[in-house]
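The file data16.txt contains compact mmCIF, C-alpha atoms and all ligand atoms:
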```txt
# COMPACT_ATOMS: atom_id res chain seq x y z
CA MET N 354 21.45 202.76 98.19
CA THR N 355 21.26 203.64 101.87
CA GLU N 356 19.70 206.92 102.77
CA PRO N 357 22.14 209.51 104.16
CA ALA N 358 21.41 209.92 107.85
CA VAL N 359 21.16 213.19 109.76
CA ASP N 360 23.74 213.42 112.52
CA VAL N 361 21.56 214.84 115.28
CA ASP N 362 24.39 215.33 117.72
CA GLN N 363 26.05 217.76 115.33
CA PRO N 364 25.13 221.47 115.54
CA LEU N 365 22.40 222.51 113.14
CA ALA N 366 24.12 225.81 112.53
CA PRO N 367 27.90 225.35 112.39
CA ASP N 368 29.82 228.23 113.89
CA THR N 369 31.54 229.53 110.80
CA PRO N 370 31.23 232.37 111.41
CA ALA N 371 29.90 232.40 114.97
CA ALA N 372 27.54 235.35 114.70
CA PRO N 373 24.25 234.27 113.15
CA HIS N 374 23.73 237.65 111.54
CA SER N 375 26.97 237.33 109.61
CA ALA N 376 26.29 234.03 107.90
CA SER N 377 28.85 232.94 105.41
CA GLY N 378 28.57 234.10 101.83
CA GLU N 379 29.40 230.76 100.26
CA ALA N 380 27.28 229.29 97.49
CA VAL N 381 24.73 226.84 98.83
CA ARG N 382 22.19 224.48 97.33
CA THR N 383 18.77 225.95 96.76
CA PHE N 384 15.46 224.29 97.46
CA ASP N 385 12.16 224.96 95.77
CA LEU N 386 10.01 224.50 98.83
CA SER N 387 7.30 227.05 98.26
CA ALA N 388 4.55 224.65 99.27
CA VAL N 389 5.91 224.24 102.77
CA ALA N 390 6.01 227.96 103.57
CA PRO N 391 2.74 228.49 105.37
CA PRO N 392 0.99 231.84 105.35
CA ALA N 393 1.30 233.93 108.49
CA ARG N 394 -1.34 232.70 110.89
CA PRO N 395 -1.80 232.64 114.62
CA ALA N 396 0.51 230.14 116.23
CA ARG N 397 -0.75 226.96 117.70
CA ARG N 398 1.42 225.08 120.13
CA TRP N 399 3.82 223.07 118.04
CA THR N 400 3.14 219.36 117.98
CA PRO N 401 6.05 217.63 116.30
CA ARG N 402 5.04 214.74 114.07
CA ARG N 403 8.07 212.75 115.11
CA VAL N 404 10.19 212.86 118.27
CA VAL N 405 13.42 210.90 118.58
CA ALA N 406 15.99 210.64 121.37
CA THR N 407 19.62 209.61 121.23
CA PRO N 408 20.88 206.97 123.68
CA ALA N 409 22.92 209.58 125.57
CA ALA N 410 19.82 211.73 126.13
CA TYR N 411 18.41 208.99 128.39
CA ASP N 412 21.34 209.49 130.78
CA HIS N 413 20.17 212.98 131.69
CA ALA N 414 17.36 213.76 134.09
CA HIS N 415 16.19 216.65 131.92
CA GLY N 416 16.21 214.44 128.83
CA ARG N 417 13.86 212.07 130.63
CA ARG N 418 11.72 215.01 131.76
CA ILE N 419 11.33 216.13 128.15
CA MET N 420 10.41 212.59 127.12
CA ALA N 421 7.76 212.46 129.84
CA ARG N 422 6.30 215.80 128.69
CA VAL N 423 6.21 214.67 125.08
CA GLU N 424 4.63 211.33 125.97
CA ALA N 425 2.03 213.08 128.09
CA LEU N 426 1.01 214.87 124.90
CA GLY N 427 0.42 211.49 123.30
CA ILE N 428 3.56 211.56 121.13
CA GLU N 429 5.71 208.46 121.10
CA VAL N 430 9.46 208.99 121.63
CA GLU N 431 11.56 206.85 119.30
CA ARG N 432 14.82 205.68 120.84
CA LEU N 433 17.60 205.88 118.27
CA ALA N 434 20.24 203.15 118.24
CA ALA N 435 22.92 205.83 117.75
CA ASN N 436 23.07 209.52 116.98
CA ARG N 437 22.14 209.02 113.34
CA LEU N 438 18.59 209.80 112.32
CA THR N 439 17.16 208.26 109.17
CA GLY N 440 13.75 208.65 107.58
CA VAL N 441 14.05 212.43 107.25
CA ARG N 442 15.17 212.58 103.64
CA GLY N 443 12.15 212.57 101.35
CA GLU N 444 11.84 211.99 97.62
CA THR N 445 12.31 215.69 97.04
CA ASP N 446 14.02 218.54 98.88
CA ARG N 447 10.59 219.92 99.67
CA GLU N 448 9.60 216.72 101.41
CA THR N 449 12.89 216.61 103.31
CA TYR N 450 12.43 220.17 104.53
CA ALA N 451 8.83 219.50 105.60
CA ARG N 452 9.76 216.29 107.44
CA ALA N 453 12.72 217.89 109.17
CA LYS N 454 10.65 220.89 110.28
CA ALA N 455 8.14 218.46 111.84
CA THR N 456 10.80 216.46 113.73
CA MET N 457 12.27 217.08 117.17
CA ALA N 458 15.37 215.31 118.42
CA ILE N 459 16.26 215.08 122.13
CA VAL N 460 20.05 215.07 122.20
CA VAL N 461 23.04 215.95 124.35
CA SER N 462 24.48 219.32 123.32
CA PRO N 463 27.52 219.10 121.05
CA PRO N 464 30.81 219.92 122.82
CA ALA N 465 31.20 222.95 120.52
CA ARG N 466 28.09 224.44 122.10
CA ARG N 467 29.43 224.09 125.65
CA LYS N 468 32.20 226.61 125.06
CA LEU N 469 30.35 229.89 125.11
CA GLN N 470 30.82 232.49 122.39
CA PRO N 471 30.47 236.26 122.78
CA ILE N 472 27.34 237.53 121.04
CA ALA N 473 27.67 241.30 120.66
CA PRO N 474 25.76 243.52 120.59
CA SER N 475 23.02 241.52 122.32
CA ALA N 476 24.86 239.95 125.25
CA ASP N 477 28.22 239.02 126.71
CA TRP N 478 27.72 235.32 126.08
CA ARG N 479 25.41 233.09 124.19
CA PHE N 480 24.37 229.64 125.36
CA ASP N 481 21.99 227.23 123.72
CA LEU N 482 19.22 225.07 125.09
CA ALA N 483 17.99 224.06 121.63
CA GLU N 484 18.69 224.62 117.98
CA GLY N 485 16.05 224.93 115.30
CA CYS N 486 12.56 226.39 115.24
CA PRO N 487 9.20 225.23 113.93
CA ALA N 488 8.17 228.69 112.66
CA HIS N 489 8.64 229.94 109.10
CA CYS N 490 9.90 233.51 109.04
CA GLN N 491 10.88 234.43 105.53
CA TYR N 492 13.89 236.44 106.64
CA CYS N 493 15.05 233.96 109.30
CA TYR N 494 18.70 234.51 110.06
CA LEU N 495 19.12 230.80 110.66
CA ALA N 496 18.69 230.20 106.94
CA GLY N 497 22.20 231.19 105.99
CA SER N 498 23.76 229.01 108.63
CA LEU N 499 21.94 225.69 108.45
CA SER N 500 24.06 222.65 107.87
CA GLY N 501 21.38 220.21 106.78
CA PRO N 502 17.69 219.38 107.12
CA PRO N 503 16.34 221.64 109.88
CA VAL N 504 15.50 219.00 112.50
CA THR N 505 14.97 220.85 115.80
CA ARG N 506 17.40 219.64 118.47
CA VAL N 507 16.57 220.15 122.15
CA TYR N 508 19.23 219.57 124.76
CA ALA N 509 18.89 216.93 127.44
CA ASP N 510 21.96 218.05 129.42
CA LEU N 511 20.31 221.24 130.64
CA ASP N 512 21.60 220.89 134.22
CA ASP N 513 25.22 220.66 133.02
CA ILE N 514 24.69 223.57 130.61
CA LEU N 515 23.34 225.80 133.38
CA ALA N 516 26.05 224.75 135.83
CA GLY N 517 28.69 225.60 133.20
CA LEU N 518 27.63 229.25 133.04
CA ALA N 519 29.20 230.14 136.40
CA ALA N 520 32.68 230.15 134.86
CA TYR N 521 31.68 233.04 132.60
CA ALA N 522 30.11 235.32 135.19
CA GLY N 523 32.14 238.49 135.68
CA HIS N 524 33.64 238.23 132.20
CA GLY N 525 32.45 239.65 128.92
CA THR N 526 32.75 242.74 126.82
CA ILE N 527 29.26 244.24 126.59
CA THR N 528 28.67 245.09 130.20
CA SER N 529 32.22 246.22 130.85
CA ARG N 530 32.32 248.54 127.82
CA ARG N 531 28.86 250.02 127.77
CA ALA N 532 27.99 252.21 130.69
CA ALA N 533 24.27 252.09 129.80
CA ARG N 534 24.23 248.34 130.40
CA ARG N 535 26.44 248.05 133.44
CA ASP N 536 23.49 247.41 135.74
CA GLU N 537 22.71 244.21 133.82
CA GLY N 538 25.79 242.35 135.07
CA THR N 539 27.11 239.59 132.85
CA THR N 540 24.49 238.87 130.20
CA PHE N 541 23.68 235.45 128.79
CA GLU N 542 21.58 235.17 125.64
CA ALA N 543 19.56 231.96 125.27
CA SER N 544 17.68 232.37 121.99
CA CYS N 545 20.27 232.57 119.25
CA TYR N 546 19.36 229.53 117.22
CA THR N 547 15.78 228.95 118.25
CA ASP N 548 12.63 230.56 119.61
CA PRO N 549 12.24 229.60 123.30
CA LEU N 550 8.46 229.84 123.54
CA ALA N 551 7.97 227.74 120.42
CA LEU N 552 9.52 224.83 122.36
CA GLU N 553 8.94 225.55 126.04
CA HIS N 554 5.75 223.46 126.32
CA LEU N 555 7.76 220.46 125.08
CA THR N 556 10.94 221.01 127.08
CA GLY N 557 10.40 223.20 130.15
CA SER N 558 14.01 224.29 129.60
CA TRP N 559 13.64 228.07 129.68
CA ARG N 560 11.48 227.94 132.75
CA ARG N 561 14.26 226.07 134.54
CA ALA N 562 16.78 228.59 133.21
CA VAL N 563 14.71 231.47 134.64
CA GLU N 564 14.63 229.71 138.02
CA HIS N 565 18.38 229.05 137.82
CA PHE N 566 19.12 232.75 137.28
CA GLY N 567 16.53 233.69 139.91
CA GLY N 568 18.46 231.68 142.49
CA TRP N 569 21.90 232.82 141.27
CA ASP N 570 22.71 235.65 143.65
CA ALA N 571 25.19 237.50 141.44
CA PRO N 572 25.21 240.33 138.87
CA VAL N 573 24.04 238.17 135.97
CA GLN N 574 21.16 238.38 133.53
CA LEU N 575 19.42 235.81 131.38
CA ARG N 576 18.01 237.16 128.13
CA TRP N 577 15.86 235.66 125.45
CA THR N 578 13.62 236.90 122.70
CA THR N 579 10.52 235.35 121.19
CA LYS N 580 7.79 235.73 118.59
CA PHE N 581 5.37 233.60 120.61
CA ASP N 582 2.98 234.52 123.41
CA ASP N 583 2.82 231.38 125.51
CA VAL N 584 4.05 232.98 128.76
CA ALA N 585 1.60 231.52 131.29
CA SER N 586 4.17 229.10 132.77
CA PHE N 587 6.58 231.99 133.46
CA VAL N 588 4.17 234.13 135.46
CA GLY N 589 4.83 233.69 139.16
CA LEU N 590 8.28 232.13 138.80
CA PRO N 591 10.95 233.31 141.28
CA HIS N 592 12.84 235.21 138.54
CA ALA N 593 14.34 237.84 140.93
CA GLY N 594 14.40 240.32 138.04
CA ARG N 595 17.37 238.49 136.53
CA THR N 596 15.67 237.50 133.27
CA ARG N 597 14.86 240.03 130.58
CA VAL N 598 12.34 238.67 128.10
CA ARG N 599 12.12 240.56 124.84
CA LEU N 600 9.27 240.24 122.44
CA SER N 601 10.35 240.35 118.84
CA VAL N 602 7.90 242.60 117.03
CA ASN N 603 7.49 244.20 113.64
CA CYS N 604 5.14 246.42 111.68
CA ALA N 605 2.02 244.81 110.21
CA PRO N 606 3.21 244.45 106.59
CA VAL N 607 6.16 242.39 107.86
CA SER N 608 4.59 240.49 110.75
CA THR N 609 1.44 239.45 108.92
CA ARG N 610 3.13 238.38 105.68
CA MET N 611 6.54 237.08 106.59
CA GLU N 612 6.32 235.41 110.01
CA GLY N 613 4.45 232.15 109.32
CA GLY N 614 3.55 230.07 112.34
CA THR N 615 4.28 232.72 114.99
CA SER N 616 1.90 234.52 117.38
CA SER N 617 0.29 237.76 116.21
CA VAL N 618 1.92 240.99 117.31
CA PRO N 619 -1.07 242.01 119.52
CA ASP N 620 -0.76 238.63 121.29
CA ARG N 621 3.00 239.07 121.70
CA LEU N 622 2.44 242.52 123.21
CA ALA N 623 -0.21 241.14 125.57
CA ALA N 624 2.44 238.61 126.69
CA LEU N 625 4.93 241.43 127.22
CA ARG N 626 2.42 243.22 129.43
CA ARG N 627 1.77 240.07 131.43
CA LEU N 628 5.47 239.53 132.10
CA ALA N 629 6.04 243.22 132.92
CA LEU N 630 3.18 243.11 135.43
CA ASP N 631 4.87 240.09 136.98
CA GLY N 632 8.00 242.19 137.56
CA TYR N 633 10.16 240.91 134.72
CA PRO N 634 12.40 243.40 132.98
CA VAL N 635 11.06 243.30 129.42
CA GLY N 636 12.13 244.48 126.02
CA LEU N 637 11.32 244.94 122.40
CA THR N 638 13.45 243.38 119.72
CA ILE N 639 12.37 245.32 116.65
CA ALA N 640 13.85 243.12 113.98
CA PRO N 641 14.35 243.06 111.17
CA ILE N 642 13.54 246.70 110.56
CA ILE N 643 12.53 246.82 106.91
CA ALA N 644 12.11 250.01 104.90
CA VAL N 645 8.74 248.95 103.44
CA PRO N 646 6.71 251.65 101.62
CA ASP N 647 5.31 254.11 104.20
CA TRP N 648 7.49 252.57 106.90
CA GLN N 649 7.11 255.59 109.20
CA GLU N 650 3.36 255.10 109.31
CA HIS N 651 3.55 251.33 109.83
CA TYR N 652 6.23 251.44 112.52
CA GLY N 653 4.38 254.36 114.13
CA LEU N 654 1.32 252.15 114.49
CA LEU N 655 3.49 249.45 116.03
CA LEU N 656 4.90 251.86 118.60
CA ASP N 657 1.37 253.00 119.41
CA GLN N 658 0.44 249.38 120.12
CA VAL N 659 3.44 249.12 122.43
CA VAL N 660 2.42 252.31 124.26
CA ALA N 661 -1.02 250.81 124.91
CA ALA N 662 0.47 247.47 125.98
CA VAL N 663 2.71 248.95 128.68
CA ALA N 664 0.31 251.64 129.92
CA GLY N 665 0.04 251.70 133.70
CA VAL N 666 2.63 248.97 134.38
CA PRO N 667 4.17 249.87 137.75
CA GLY N 668 7.98 250.09 137.75
CA LEU N 669 8.20 249.26 134.04
CA ASP N 670 11.74 248.34 132.92
CA LEU N 671 11.57 248.40 129.12
CA THR N 672 14.41 248.30 126.59
CA ALA N 673 14.55 248.28 122.80
CA GLU N 674 17.00 246.55 120.50
CA LEU N 675 16.87 247.82 116.94
CA ILE N 676 18.18 245.59 114.17
CA THR N 677 17.90 246.54 110.51
CA HIS N 678 17.40 243.96 107.81
CA ARG N 679 20.48 242.53 106.19
CA PHE N 680 21.20 239.48 104.10
CA THR N 681 24.14 237.53 102.77
CA PRO N 682 24.45 235.85 99.37
CA GLY N 683 24.08 232.50 101.19
CA SER N 684 21.02 233.43 103.23
CA LYS N 685 19.34 235.00 100.18
CA GLU N 686 19.81 231.86 98.12
CA VAL N 687 18.44 229.59 100.84
CA LEU N 688 15.50 231.86 101.63
CA LEU N 689 14.52 232.29 97.99
CA GLY N 690 14.65 228.51 97.65
CA TRP N 691 12.36 228.04 100.62
CA TYR N 692 10.09 231.00 99.99
CA PRO N 693 10.32 231.83 96.28
CA ARG N 694 7.23 234.04 96.32
CA THR N 695 8.43 236.12 99.24
CA LYS N 696 7.87 239.87 99.06
CA LEU N 697 11.01 240.38 101.11
CA GLU N 698 13.27 242.79 99.23
CA MET N 699 16.78 241.36 98.84
CA ASP N 700 18.12 243.48 95.98
CA GLU N 701 21.91 243.83 96.13
CA GLU N 702 21.75 246.89 93.85
CA SER N 703 19.79 248.92 96.37
CA ARG N 704 22.00 247.91 99.32
CA SER N 705 25.46 248.64 100.61
CA ARG N 706 27.92 245.80 100.57
CA LYS N 707 29.82 245.25 103.78
CA HIS N 708 32.40 242.78 104.95
CA GLY N 709 31.60 241.19 108.26
CA LYS N 710 33.79 239.09 110.48
CA PHE N 711 35.79 236.45 108.59
CA GLY N 712 35.43 238.55 105.41
CA ALA N 713 31.84 237.38 104.81
CA VAL N 714 29.83 239.70 102.58
CA LYS N 715 26.55 241.14 103.81
CA TYR N 716 24.11 243.58 102.30
CA VAL N 717 22.72 246.32 104.52
CA TYR N 718 20.68 249.44 103.82
CA PRO N 719 22.68 252.31 102.33
CA ALA N 720 23.95 254.99 104.72
CA GLU N 721 21.19 257.49 103.91
CA THR N 722 18.37 254.98 104.53
CA MET N 723 20.09 253.87 107.73
CA ARG N 724 20.35 257.47 108.88
CA GLN N 725 16.65 258.10 108.24
CA LEU N 726 15.56 254.88 109.93
CA ARG N 727 17.76 255.39 112.95
CA GLY N 728 16.80 259.04 113.39
CA TRP N 729 13.12 258.19 113.17
CA PHE N 730 13.25 255.28 115.65
CA GLU N 731 15.34 257.16 118.18
CA THR N 732 13.08 260.21 118.04
CA GLU N 733 9.79 258.33 118.08
CA ILE N 734 10.77 255.90 120.83
CA ALA N 735 11.93 258.81 123.00
CA ARG N 736 8.68 260.68 122.29
CA ARG N 737 6.19 257.83 122.67
CA LEU N 738 7.97 255.62 125.21
CA PRO N 739 10.15 258.00 127.24
CA SER N 740 11.15 255.40 129.81
CA CYS N 741 12.33 252.93 127.16
CA ARG N 742 16.11 252.55 126.92
CA ILE N 743 17.54 251.77 123.48
CA LEU N 744 20.30 249.22 124.01
CA TYR N 745 21.74 249.28 120.50
CA TRP N 746 21.11 249.97 116.83
CA THR N 747 22.59 247.79 114.17
S1 LIG G 1 10.77 232.58 115.07
FE1 LIG G 1 12.95 233.23 114.90
S2 LIG G 1 14.15 231.32 114.72
FE2 LIG G 1 11.97 230.83 114.30
S3 LIG G 1 11.77 230.94 112.03
FE3 LIG G 1 11.21 232.96 112.90
S4 LIG G 1 13.12 234.18 112.86
FE4 LIG G 1 13.69 232.01 112.60
```

The structure given in the file should be rewritten as structure tokens.
Ligand code: SF4
Amino acid sequence: MTEPAVDVDQPLAPDTPAAPHSASGEAVRTFDLSAVAPPARPARRWTPRRVVATPAAYDHAHGRRIMARVEALGIEVERLAANRLTGVRGETDRETYARAKATMAIVVSPPARRKLQPIAPSADWRFDLAEGCPAHCQYCYLAGSLSGPPVTRVYADLDDILAGLAAYAGHGTITSRRAARRDEGTTFEASCYTDPLALEHLTGSWRRAVEHFGGWDAPVQLRWTTKFDDVASFVGLPHAGRTRVRLSVNCAPVSTRMEGGTSSVPDRLAALRRLALDGYPVGLTIAPIIAVPDWQEHYGLLLDQVVAAVAGVPGLDLTAELITHRFTPGSKEVLLGWYPRTKLEMDEESRSRKHGKFGAVKYVYPAETMRQLRGWFETEIARRLPSCRILYWT
């Protein structure tokens, strides 16, 4: 029997529904993949075990640049005969997951990804330079939306993707509706289905995006968020203040136990300081906010670390985006399959059931917990980081 191939030119996360936080509630297969969930540890630069490229990727200058970078690291690039990738499916689901997570495919972005989608409340528009991530966060919002083995796709047609953004400038709902964000111009989010700094050393894509926005003399802003600290190649770029980098951070019980393969929070905050000193607008994505026991104390310590990280930065432009933990029946099933020993609480009984877009069910904290969390974060951020602007709570 021939092995089913992975169609690498298809999106990893199909857009039904479009918003990654409202993943569909359909039943999905589960995977017992506990052995492949690594403990939280400091990140090393990701070295994929296998890199493949589709024929179309060779037609793009950026695709060839990625290949050259990868080959310079001593990794051979396999040229696929078509867009179908075989050799990913293992004997067991665990093996398939592990092989897919160690594989990177250089592809041309699927046409569906070239038509930008609104991505409230984060930005007016979302665009993608890659899909998939080598890290192992136990709450990862991608889990509910994956369409197959999580092979990371990186896009070779970067120049076309960046050129296509111009048509969206001046349009969008976030900046026109929210007075607090009007100074941002039209916002473009570039980290919905991946973590940029997990892949930047292999692609150079986000660096080029920062330069593109730096040279784009218009009211526009590039935004991305990361759990990695590898920012050296961004320091000194002509960013013109048109890229806001947010560091995704969490309190110690969450970041040290549930974010396998990412950089430590102190390292992420050191990266935030470095970028802020280089004149970038910066931000905190505090997500997912989890009501762990003694959460006030743990999140208080996190905010203290932030205070120390931004101390004395001239002209600091700091924002915060506050996102509470939520899950869907689909994402819970996938995550428990991948990380069956997770300590992440996903108890429907203690949550409120909500219907998102497209009628998908999601479980959020009950109103009283939400009220306490929100009140605490708004008060403590105002007290400890008075210049920090909260962009939204969700
Ligand atoms: S770093 Fe982000 S995209 Fe990657 S596994 Fe963690 S939550 Fe998911």

Atom FE2 of ligand LIG 1 (chain G) to atom CA of Tyr450 of chain N, distance in Å rounded to a single decimal
14.5 Å

Would you list the residues that come within 8 Å of ligand LIG 1 (chain G)? Count only C-alpha atoms and all ligand atoms and give the answer as a PyMOL selection string.
chain N and resi 485-496+545-548+551+579-581+612-613+615

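Rounded to one decimal, atom CA of Val607 of chain N and atom CA of Arg736 of chain N lie 23.4 Å from each other.
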
Residue nearest Val588 of chain N among N:Cys604, N:Ala623, N:Ala629, N:Leu744 (counting all atoms listed in the file):
N:Ala629

Take every atom of segment 450-464 of chain N listed in the file, pad by 4 Å on each side, and give me the axis-aligned box centre and edge lengths in Å, one decimal, as JSON.
```
{"center_x": 19.5, "center_y": 218.0, "center_z": 114.4, "size_x": 30.7, "size_y": 13.8, "size_z": 27.8}
```

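With only C-alpha atoms as the atoms that count, the minimum distance from Arg437 of chain N to the choices N:Leu511, N:Val361, N:Val404, N:Val687 is reached by N:Val361.
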
Taking only residues of segment 535-649 of chain N that have an atom at most 10 Å from an atom of segment 713-725 of chain N, what is each one's shortest atom pair and its distance in Å to one decimal, using all atoms listed in the file, in chain and number order, as a tab-separated table?
```
residue	atom	partner	partner_atom	distance
N:Ile643	CA	N:Tyr718	CA	9.1
N:Ala644	CA	N:Thr722	CA	8.0
N:Gln649	CA	N:Gln725	CA	9.9
```

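For the atom pair formed by atom CA of Asp583 of chain N and atom CA of Val461 of chain N, the distance is 25.5 Å, given to one decimal.
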
Determine, counting all atoms listed in the file, every residue of protein, DNA or RNA that lies within 9 Å of (21.3, 219.9, 131.1) in the file coordinates, then give the result as a compact mmCIF listing (two decimals) with C-alpha atoms, in the coordinates of the input.
```txt
# COMPACT_ATOMS: atom_id res chain seq x y z
CA HIS N 413 20.17 212.98 131.69
CA ALA N 414 17.36 213.76 134.09
CA HIS N 415 16.19 216.65 131.92
CA GLY N 416 16.21 214.44 128.83
CA VAL N 461 23.04 215.95 124.35
CA SER N 462 24.48 219.32 123.32
CA LEU N 482 19.22 225.07 125.09
CA TYR N 508 19.23 219.57 124.76
CA ALA N 509 18.89 216.93 127.44
CA ASP N 510 21.96 218.05 129.42
CA LEU N 511 20.31 221.24 130.64
CA ASP N 512 21.60 220.89 134.22
CA ASP N 513 25.22 220.66 133.02
CA ILE N 514 24.69 223.57 130.61
CA LEU N 515 23.34 225.80 133.38
CA ALA N 516 26.05 224.75 135.83
CA SER N 558 14.01 224.29 129.60
```

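Residue nearest Phe680 of chain N within the list N:Ala624, N:Val666, N:Leu697, N:Ala458: N:Leu697 [criterion: smallest interatomic distance, only C-alpha atoms].
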
Excluding Glu424 of chain N and any residue of its chain fewer than 5 positions from it, enumerate the residues within 10 Å of it, using all atoms listed in the file, and give them as a ChimeraX atom specification.
/N:404,418-419,429-430,555

I'd like the neighbourhood of Arg627 of chain N as a compact mmCIF listing (two decimals) with C-alpha atoms, in the coordinates of the input, where a residue qualifies if any of its atoms comes within 12 Å (using only C-alpha atoms), though same-chain residues fewer than 2 positions away should be ignored.
```txt
# COMPACT_ATOMS: atom_id res chain seq x y z
CA ASP N 582 2.98 234.52 123.41
CA ASP N 583 2.82 231.38 125.51
CA VAL N 584 4.05 232.98 128.76
CA ALA N 585 1.60 231.52 131.29
CA SER N 586 4.17 229.10 132.77
CA PHE N 587 6.58 231.99 133.46
CA VAL N 588 4.17 234.13 135.46
CA GLY N 589 4.83 233.69 139.16
CA VAL N 598 12.34 238.67 128.10
CA LEU N 600 9.27 240.24 122.44
CA ASP N 620 -0.76 238.63 121.29
CA ARG N 621 3.00 239.07 121.70
CA LEU N 622 2.44 242.52 123.21
CA ALA N 623 -0.21 241.14 125.57
CA ALA N 624 2.44 238.61 126.69
CA LEU N 625 4.93 241.43 127.22
CA ALA N 629 6.04 243.22 132.92
CA LEU N 630 3.18 243.11 135.43
CA ASP N 631 4.87 240.09 136.98
CA GLY N 632 8.00 242.19 137.56
CA TYR N 633 10.16 240.91 134.72
CA PRO N 634 12.40 243.40 132.98
CA VAL N 635 11.06 243.30 129.42
CA ALA N 662 0.47 247.47 125.98
CA VAL N 663 2.71 248.95 128.68
CA ALA N 664 0.31 251.64 129.92
CA GLY N 665 0.04 251.70 133.70
CA VAL N 666 2.63 248.97 134.38
CA PRO N 667 4.17 249.87 137.75
CA LEU N 669 8.20 249.26 134.04
```

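The closest residue to Leu675 of chain N, picked from N:Ile639, N:Ala661, N:Leu433, N:Met457 and counting all atoms listed in the file, is N:Ile639.
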
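Distances here use all atoms listed in the file; by that measure, the residue among N:Glu674, N:Glu686, N:Glu698, N:Asp477 closest to Pro646 of chain N is N:Glu698.
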
Tell me which of N:Arg679, N:Ser705, N:Arg402, N:Leu656 sits closest to Ala735 of chain N, counting all atoms listed in the file.
N:Leu656
